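Here is model28.tsv, consisting of TSV, C-alpha atoms:
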```
chain	number	residue	atom	x	y	z
L	1	HIS	CA	25.36	14.82	-52.55
L	2	TYR	CA	25.41	17.20	-55.50
L	3	PRO	CA	23.83	20.69	-55.46
L	4	ILE	CA	20.08	20.34	-55.95
L	5	GLY	CA	20.03	22.67	-58.98
L	6	LEU	CA	22.64	20.52	-60.70
L	7	LEU	CA	20.62	17.37	-59.98
L	8	PHE	CA	17.59	19.03	-61.52
L	9	ASP	CA	19.56	20.05	-64.64
L	10	LEU	CA	20.94	16.54	-65.05
L	11	HIS	CA	17.79	14.53	-64.40
L	12	ALA	CA	14.69	16.65	-64.80
L	13	SER	CA	15.38	19.82	-66.75
L	14	ASN	CA	13.26	18.88	-69.72
L	15	THR	CA	10.38	17.45	-67.76
L	16	ALA	CA	7.21	19.19	-66.61
L	17	LEU	CA	7.19	20.99	-63.28
L	18	PRO	CA	6.67	20.31	-60.41
L	19	TRP	CA	9.63	17.98	-60.02
L	20	SER	CA	8.46	14.84	-58.22
L	21	ILE	CA	11.03	13.39	-55.85
L	22	THR	CA	10.91	10.46	-53.43
L	23	VAL	CA	12.42	11.01	-49.98
L	24	HIS	CA	13.77	7.99	-48.08
L	25	PHE	CA	14.12	7.87	-44.31
L	26	LYS	CA	15.66	4.43	-43.94
L	27	ASN	CA	18.52	2.40	-45.41
L	28	PHE	CA	20.82	5.27	-46.29
L	29	PRO	CA	23.10	4.02	-49.10
L	30	GLU	CA	26.37	4.53	-47.19
L	31	LYS	CA	28.47	3.01	-49.96
L	32	ASP	CA	27.16	5.38	-52.63
L	33	LEU	CA	26.34	8.70	-51.01
L	34	LEU	CA	28.15	10.97	-48.59
L	35	HIS	CA	26.20	10.86	-45.36
L	36	CYS	CA	25.91	14.26	-43.70
L	37	HIS	CA	24.92	13.46	-40.12
L	38	SER	CA	24.97	17.07	-39.06
L	39	LYS	CA	25.28	20.64	-40.29
L	40	ASP	CA	28.95	20.48	-39.28
L	41	VAL	CA	29.61	17.81	-41.90
L	42	ILE	CA	27.95	19.92	-44.59
L	43	GLU	CA	30.01	22.90	-43.48
L	44	ALA	CA	33.17	20.79	-43.76
L	45	HIS	CA	32.29	19.72	-47.33
L	46	PHE	CA	31.47	23.28	-48.30
L	47	MET	CA	34.73	24.62	-46.88
L	48	ALA	CA	36.72	21.83	-48.55
L	49	CYS	CA	35.24	22.90	-51.94
L	50	ILE	CA	35.94	26.58	-51.24
L	51	LYS	CA	39.55	25.72	-50.38
L	52	GLU	CA	40.04	23.59	-53.47
L	53	ALA	CA	38.54	26.33	-55.66
L	54	ASP	CA	40.95	28.86	-54.16
L	55	ALA	CA	43.87	26.50	-54.63
L	56	LEU	CA	43.01	26.58	-58.34
L	57	LYS	CA	42.23	30.31	-58.61
L	58	HIS	CA	44.84	31.81	-56.30
L	59	LYS	CA	47.22	29.04	-55.14
L	60	SER	CA	45.23	29.18	-51.86
L	61	GLN	CA	46.59	32.66	-51.09
L	62	VAL	CA	43.25	34.40	-50.63
L	63	ILE	CA	41.62	31.71	-48.49
L	64	ASN	CA	44.72	31.31	-46.32
L	65	GLU	CA	44.95	35.05	-45.69
L	66	MET	CA	41.41	35.05	-44.31
L	67	GLN	CA	40.76	34.50	-40.64
L	68	LYS	CA	38.63	31.66	-39.24
L	69	LYS	CA	35.84	34.16	-38.62
L	70	ASP	CA	35.73	35.04	-42.33
L	71	HIS	CA	35.37	31.35	-43.20
L	72	LYS	CA	32.59	31.14	-40.63
L	73	GLN	CA	30.86	34.19	-42.09
L	74	LEU	CA	30.91	32.64	-45.56
L	75	TRP	CA	29.25	29.48	-44.24
L	76	MET	CA	26.74	31.33	-42.02
L	77	GLY	CA	25.79	33.66	-44.90
L	78	LEU	CA	25.02	30.64	-47.05
L	79	GLN	CA	23.27	28.69	-44.29
L	80	ASN	CA	21.06	31.63	-43.31
L	81	ASP	CA	20.47	32.88	-46.85
L	82	LYS	CA	22.10	36.24	-46.15
L	83	PHE	CA	23.32	37.53	-49.53
L	84	GLU	CA	25.27	40.54	-48.24
L	85	GLN	CA	26.91	38.57	-45.45
L	86	PHE	CA	28.00	35.85	-47.91
L	87	TRP	CA	29.23	38.18	-50.63
L	88	ALA	CA	31.19	40.41	-48.24
L	89	ILE	CA	33.64	37.49	-48.06
L	90	ASN	CA	32.99	35.76	-51.37
L	91	ARG	CA	33.85	38.89	-53.40
L	92	LYS	CA	37.47	38.53	-52.21
L	93	LEU	CA	37.52	35.00	-53.65
L	94	MET	CA	36.36	36.46	-56.98
L	95	GLU	CA	39.12	39.06	-57.25
L	96	TYR	CA	42.49	38.72	-58.95
L	97	PRO	CA	45.72	40.79	-59.06
L	98	PRO	CA	45.48	43.79	-61.44
L	99	GLU	CA	48.46	42.55	-63.48
L	100	ASP	CA	46.59	39.32	-64.31
L	101	ASN	CA	43.43	39.22	-66.38
L	102	GLY	CA	41.82	36.45	-64.43
L	103	PHE	CA	42.30	33.46	-62.15
L	104	ARG	CA	45.16	31.01	-62.42
L	105	TYR	CA	42.88	28.06	-63.20
L	106	ILE	CA	39.09	27.80	-63.34
L	107	PRO	CA	37.31	25.62	-60.75
L	108	PHE	CA	34.80	23.54	-62.70
L	109	ARG	CA	33.26	20.09	-62.89
L	110	ILE	CA	31.41	18.68	-65.89
L	111	TYR	CA	28.70	16.08	-65.31
L	112	GLN	CA	27.08	13.78	-67.82
L	113	ALA	CA	24.33	11.47	-66.59
L	114	THR	CA	25.14	9.04	-69.38
L	115	THR	CA	28.76	8.31	-68.46
L	116	GLU	CA	30.42	5.99	-65.90
L	117	ARG	CA	32.71	8.67	-64.58
L	118	PRO	CA	31.18	10.86	-61.86
L	119	PHE	CA	32.58	14.11	-63.33
L	120	ILE	CA	35.39	15.63	-65.35
L	121	GLN	CA	37.72	18.04	-63.59
L	122	LYS	CA	40.98	19.23	-65.14
L	123	LEU	CA	43.34	22.19	-65.02
L	124	PHE	CA	42.20	24.90	-67.42
L	125	ARG	CA	43.51	28.45	-67.73
L	126	PRO	CA	41.01	31.27	-68.38
L	127	ILE	CA	43.57	33.34	-70.31
L	128	ALA	CA	45.50	32.05	-73.32
L	129	SER	CA	49.24	32.67	-73.60
L	130	GLY	CA	48.56	35.47	-76.07
L	131	GLY	CA	46.24	37.19	-73.59
L	132	GLN	CA	42.90	36.25	-75.18
L	133	LEU	CA	40.07	35.16	-72.95
L	134	HIS	CA	39.20	31.45	-73.24
L	135	THR	CA	35.51	30.74	-73.78
L	136	LEU	CA	33.10	28.07	-72.55
L	137	GLY	CA	33.47	26.50	-76.01
L	138	ASP	CA	37.26	26.42	-75.61
L	139	LEU	CA	36.88	24.64	-72.26
L	140	LEU	CA	34.55	22.00	-73.66
L	141	LYS	CA	36.71	21.46	-76.74
L	142	ASP	CA	39.65	20.84	-74.43
L	143	VAL	CA	38.16	18.57	-71.77
L	144	CYS	CA	34.94	17.16	-73.22
L	145	PRO	CA	34.95	17.50	-77.03
L	146	SER	CA	32.10	15.01	-77.50
L	147	ALA	CA	29.79	17.53	-75.81
L	148	ILE	CA	30.02	20.04	-78.61
L	149	THR	CA	31.08	18.12	-81.68
L	150	PRO	CA	27.96	17.92	-83.75
L	151	GLU	CA	27.24	14.56	-85.35
L	152	ASP	CA	25.60	14.96	-88.75
L	153	GLY	CA	25.70	18.70	-88.20
L	154	GLU	CA	23.11	18.40	-85.41
L	155	GLN	CA	23.85	19.41	-81.84
L	156	LYS	CA	22.82	16.36	-79.81
L	157	THR	CA	23.56	17.83	-76.38
L	158	GLN	CA	22.79	20.86	-74.22
L	159	VAL	CA	25.42	22.52	-72.06
L	160	MET	CA	23.67	23.75	-68.93
L	161	ILE	CA	24.64	25.90	-65.96
L	162	HIS	CA	21.95	26.87	-63.41
L	163	GLY	CA	19.27	25.70	-65.79
L	164	ILE	CA	20.28	27.87	-68.72
L	165	GLU	CA	22.42	27.33	-71.80
L	166	PRO	CA	25.09	30.05	-71.84
L	167	MET	CA	26.49	30.97	-75.25
L	168	LEU	CA	29.65	28.98	-76.00
L	169	GLU	CA	31.38	32.29	-76.79
L	170	THR	CA	31.05	33.42	-73.15
L	171	PRO	CA	34.47	33.98	-71.53
L	172	ILE	CA	35.04	31.26	-68.93
L	173	GLN	CA	36.58	33.85	-66.57
L	174	TRP	CA	33.26	35.74	-66.57
L	175	LEU	CA	31.30	32.53	-66.00
L	176	SER	CA	33.55	31.62	-63.06
L	177	GLU	CA	33.05	35.05	-61.45
L	178	HIS	CA	29.32	35.32	-62.04
L	179	MET	CA	27.84	31.84	-62.39
L	180	SER	CA	29.75	29.71	-59.93
L	181	TYR	CA	27.78	27.96	-57.26
L	182	PRO	CA	28.31	29.12	-53.65
L	183	ASP	CA	31.16	26.59	-53.35
L	184	ASN	CA	32.96	28.64	-56.03
L	185	PHE	CA	32.82	25.83	-58.60
L	186	LEU	CA	31.12	25.96	-61.99
L	187	HIS	CA	28.99	22.81	-62.05
L	188	ILE	CA	28.25	22.19	-65.71
L	189	GLY	CA	25.72	19.63	-66.91
L	190	ILE	CA	25.84	18.01	-70.35
L	191	ILE	CA	22.43	16.59	-71.13
L	192	PRO	CA	20.78	15.12	-74.22
L	193	ARG	CA	18.99	17.75	-76.23
L	194	PRO	CA	15.25	17.09	-76.24
L	195	THR	CA	13.89	16.16	-79.64
L	196	ASP	CA	10.54	17.77	-80.22
A	1	GLN	CA	48.45	-16.97	-27.17
A	2	GLU	CA	46.71	-15.54	-24.15
A	3	PRO	CA	43.36	-13.89	-24.68
A	4	SER	CA	43.76	-10.11	-24.65
A	5	ASP	CA	42.59	-8.07	-21.70
A	6	ASP	CA	39.66	-5.87	-22.72
A	7	SER	CA	40.66	-3.07	-20.38
A	8	GLY	CA	43.73	-2.49	-22.53
A	9	ALA	CA	41.88	-2.60	-25.83
A	10	THR	CA	41.77	0.56	-27.94
A	11	GLY	CA	39.87	1.36	-31.10
A	12	VAL	CA	36.36	0.47	-32.02
A	13	GLY	CA	34.16	-1.19	-29.41
A	14	SER	CA	35.22	-3.44	-26.61
A	15	THR	CA	35.34	-6.65	-28.61
A	16	GLU	CA	38.14	-7.11	-31.08
A	17	GLU	CA	36.80	-6.65	-34.54
A	18	VAL	CA	38.62	-7.05	-37.78
A	19	VAL	CA	38.55	-3.97	-39.97
A	20	ARG	CA	39.38	-4.18	-43.64
A	21	TYR	CA	41.07	-1.08	-45.05
A	22	GLU	CA	41.30	-0.19	-48.70
A	23	TYR	CA	43.79	2.51	-49.70
A	24	HIS	CA	44.02	4.41	-52.98
A	25	VAL	CA	46.64	6.94	-53.96
A	26	LEU	CA	45.40	9.61	-56.35
A	27	PHE	CA	47.04	12.70	-57.75
A	28	SER	CA	45.18	15.94	-57.11
A	29	SER	CA	45.51	18.27	-60.08
A	30	SER	CA	44.07	21.06	-57.93
A	31	TYR	CA	46.75	20.77	-55.23
A	32	GLN	CA	49.43	19.16	-57.44
A	33	VAL	CA	50.22	16.55	-54.79
A	34	PRO	CA	49.31	12.91	-54.14
A	35	VAL	CA	46.29	12.34	-51.92
A	36	LEU	CA	45.48	9.29	-49.79
A	37	TYR	CA	41.90	8.03	-50.17
A	38	PHE	CA	40.73	5.14	-48.01
A	39	ARG	CA	37.70	3.30	-46.79
A	40	ALA	CA	37.20	0.79	-44.03
A	41	CYS	CA	34.58	-1.83	-43.22
A	42	PHE	CA	34.03	-4.53	-40.69
A	43	LEU	CA	34.05	-8.04	-42.08
A	44	ASP	CA	30.26	-8.06	-42.30
A	45	GLY	CA	30.49	-5.20	-44.80
A	46	ARG	CA	29.37	-2.45	-42.43
A	47	PRO	CA	31.41	0.68	-43.22
A	48	LEU	CA	33.08	2.60	-40.41
A	49	THR	CA	31.59	5.99	-39.66
A	50	LEU	CA	33.63	9.19	-39.65
A	51	ASP	CA	33.59	9.10	-35.83
A	52	GLU	CA	34.92	5.54	-35.80
A	53	ILE	CA	37.64	6.52	-38.28
A	54	TRP	CA	38.65	9.49	-36.13
A	55	GLY	CA	38.76	7.15	-33.15
A	56	SER	CA	41.12	4.81	-34.95
A	57	VAL	CA	43.65	7.51	-35.85
A	58	HIS	CA	47.03	6.77	-34.28
A	59	ALA	CA	47.45	8.18	-30.75
A	60	SER	CA	50.33	10.46	-31.80
A	61	TYR	CA	48.05	12.29	-34.21
A	62	GLN	CA	44.99	12.57	-32.01
A	63	ALA	CA	46.00	16.02	-30.71
A	64	ARG	CA	46.29	17.42	-34.25
A	65	LEU	CA	43.01	15.74	-35.17
A	66	GLN	CA	41.14	17.29	-32.22
A	67	GLU	CA	42.51	20.70	-33.20
A	68	GLY	CA	40.96	20.61	-36.62
A	69	PRO	CA	39.14	17.40	-37.42
A	70	TRP	CA	37.52	18.85	-40.50
A	71	ASP	CA	40.88	19.91	-41.91
A	72	THR	CA	42.39	16.50	-41.48
A	73	ILE	CA	40.12	13.62	-42.46
A	74	THR	CA	36.92	14.23	-44.41
A	75	GLN	CA	34.69	12.13	-46.57
A	76	GLN	CA	34.63	12.84	-50.29
A	77	GLU	CA	33.51	11.32	-53.52
A	78	HIS	CA	36.21	9.25	-55.24
A	79	PRO	CA	36.77	11.13	-58.52
A	80	ILE	CA	36.82	7.93	-60.59
A	81	LEU	CA	34.70	5.40	-58.68
A	82	GLY	CA	32.17	8.00	-57.52
A	83	GLN	CA	31.82	6.31	-54.11
A	84	PRO	CA	32.42	7.88	-50.69
A	85	PHE	CA	35.97	7.56	-49.41
A	86	PHE	CA	37.76	9.12	-46.47
A	87	VAL	CA	40.47	11.52	-47.52
A	88	LEU	CA	43.50	12.82	-45.71
A	89	HIS	CA	43.33	16.51	-46.61
A	90	PRO	CA	46.08	17.50	-49.03
A	91	CYS	CA	46.37	21.21	-48.30
A	92	ARG	CA	49.42	20.81	-46.02
A	93	THR	CA	51.25	18.20	-48.09
A	94	ASN	CA	53.46	20.70	-49.92
A	95	GLU	CA	54.48	22.24	-46.60
A	96	PHE	CA	55.83	19.11	-44.97
A	97	MET	CA	57.16	17.56	-48.16
A	98	SER	CA	59.29	20.61	-49.06
A	99	ALA	CA	60.88	20.50	-45.62
A	100	VAL	CA	61.84	16.84	-45.99
A	101	LEU	CA	62.89	17.05	-49.63
A	102	HIS	CA	65.02	20.13	-48.98
A	103	GLY	CA	66.99	18.19	-46.38
A	104	SER	CA	67.48	15.23	-48.73
A	105	GLN	CA	68.66	17.45	-51.56
A	106	GLU	CA	71.20	19.18	-49.33
A	107	HIS	CA	72.72	15.82	-48.52
A	108	HIS	CA	72.50	14.65	-52.14
A	109	ARG	CA	70.38	11.69	-51.12
A	110	HIS	CA	68.22	9.98	-53.67
A	111	THR	CA	64.60	10.36	-52.78
A	112	ASN	CA	61.45	8.66	-53.94
A	113	TYR	CA	58.67	11.22	-53.47
A	114	ILE	CA	55.90	8.66	-53.13
A	115	VAL	CA	57.73	6.54	-50.56
A	116	LEU	CA	58.58	9.69	-48.55
A	117	TRP	CA	55.03	10.97	-48.75
A	118	LEU	CA	53.29	7.66	-48.05
A	119	SER	CA	55.55	6.81	-45.11
A	120	THR	CA	54.59	10.19	-43.60
A	121	VAL	CA	50.83	10.18	-44.11
A	122	GLY	CA	50.08	6.45	-44.15
A	123	PRO	CA	50.69	5.72	-40.46
A	124	VAL	CA	48.11	8.37	-39.47
A	125	VAL	CA	45.44	6.07	-40.87
A	126	GLY	CA	46.87	2.65	-40.21
A	127	LEU	CA	49.02	2.20	-43.30
A	128	ASN	CA	52.54	1.39	-42.16
A	129	LEU	CA	55.09	1.11	-44.93
A	130	PRO	CA	57.67	-1.64	-44.45
A	131	LEU	CA	61.23	-0.33	-44.22
A	132	SER	CA	62.16	-2.24	-47.36
A	133	TYR	CA	60.46	0.49	-49.39
A	134	ALA	CA	63.00	3.01	-48.12
A	135	LYS	CA	65.89	0.74	-48.95
A	136	LEU	CA	65.29	1.00	-52.69
A	137	ALA	CA	68.61	1.23	-54.51
A	138	PRO	CA	69.33	4.65	-56.11
A	139	GLU	CA	68.93	3.20	-59.62
A	140	GLN	CA	65.45	2.05	-58.71
A	141	SER	CA	64.24	5.32	-57.25
A	142	THR	CA	63.84	8.60	-59.02
A	143	ASP	CA	65.16	11.96	-57.97
A	144	ALA	CA	62.50	14.06	-56.36
A	145	ASP	CA	61.00	16.69	-58.58
A	146	LEU	CA	60.42	19.85	-56.61
A	147	SER	CA	58.27	21.89	-58.95
```

For the structure just supplied, provide its representation as structure tokens.
Amino acid sequence: HYPIGLLFDLHASNTALPWSITVHFKNFPEKDLLHCHSKDVIEAHFMACIKEADALKHKSQVINEMQKKDHKQLWMGLQNDKFEQFWAINRKLMEYPPEDNGFRYIPFRIYQATTERPFIQKLFRPIASGGQLHTLGDLLKDVCPSAITPEDGEQKTQVMIHGIEPMLETPIQWLSEHMSYPDNFLHIGIIPRPTD
Amino acid sequence: QEPSDDSGATGVGSTEEVVRYEYHVLFSSSYQVPVLYFRACFLDGRPLTLDEIWGSVHASYQARLQEGPWDTITQQEHPILGQPFFVLHPCRTNEFMSAVLHGSQEHHRHTNYIVLWLSTVGPVVGLNLPLSYAKLAPEQSTDADLS
């Protein structure tokens, strides 16, 4: 039940294309996966993520000020692949008051295929108390230091968002505004670096 | 005991079936409130579907549920176990908790946030807290922290 791009990053990013997958039509693993019986269920999941992201970014103020029809437009834009329709609403979720330099907290989840835990999600501020912009490196150092601490001076892992490795110096505020998934979360994959 | 009359039976199916509920209380860092996660299966291990869960919600809450089912109970991944659980949506928790806590504070009553919260949300999904929880002596409960 994760975004397909994230699944690719976690499980197949360093393999040859095309990505071979096996589709099952029977014996849905109800105990392990969220079963989406209809588009309505997917819409509910999507909206729950949007709401949680806004709770982090704006204390839910922006999402609560919107009308039901705006929520519907966000979903329909995504469902029907209508960029303008989606972003007409989503841009409001990416704004912040002029007196602030960014969101309150950044919505993110860090996934590592090698760990027990499904994901890491913690409170993290994009702006330091002194006003400096926190970077992707700062985030990782804070919530997942093993991802970037080199052992023997060699970087054993790759930090991946949408299939690319952003520079660790990138401000996390910028990443949140420009590289979040449609659900407004940054889904970050930590994968073993290929040795070749 | 007399066998029960099927015409009066409510809940899942017309035969009485035992449902096993498992409840977890987690703290949501995003919403800064506790959240009730739960799952339910029949004794043969078959999990209840979202529809069956909605059907089992206490009669008093059915109206609210019909109004916005997706806002009330949804299925989500347990953040630690990674398995699907039903979740009572936390976005309104602050709203109703502040109202109750405000009243308690005005009357200088000791309050245990978790007992207050769980006794409010639990019954919606079949978790009824015995009154003994509310009778905790002041030394044993902590003052509510309205932050």

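The closest residue to Cys41 of chain A, picked from A:Val57, A:Ile80, A:Val18, A:Ile114 and counting only C-alpha atoms, is A:Val18.
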
Segment 10-28 of chain L, all listed atoms, 5 Å padding on each side: what axis-aligned box centre and edge lengths in Å to one decimal come out, as JSON?
```
{"center_x": 13.8, "center_y": 11.7, "center_z": -56.8, "size_x": 24.3, "size_y": 28.6, "size_z": 35.8}
```

Counting all atoms listed in the file, the option among A:Trp54, A:Tyr37, A:Phe27, A:Tyr21 closest to His89 of chain A: A:Tyr37

Counting all atoms listed in the file, chain A residues within 9 Å of chain L, as an MDAnalysis selection string: chainID A and resid 29:31 46:47 70:71 74:85 89 91

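Taking all atoms listed in the file into account, Glu99 of chain L lies nearest to L:Gly131 out of the set L:Pro18, L:Phe86, L:Gly131, L:Leu78.
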
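Take atom CA of Pro123 of chain A and atom CA of Ser38 of chain L: the distance between them is 28.1 Å.
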
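With all atoms listed in the file as the atoms that count, the residue of A:Gly126, A:Arg20, A:Ser28, A:His58 with the shortest distance to Asp44 of chain A is A:Arg20.
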
Pairwise distance for atom CA of Phe185 of chain L and atom CA of Phe108 of chain L, rounded to one decimal in Å: 5.1 Å
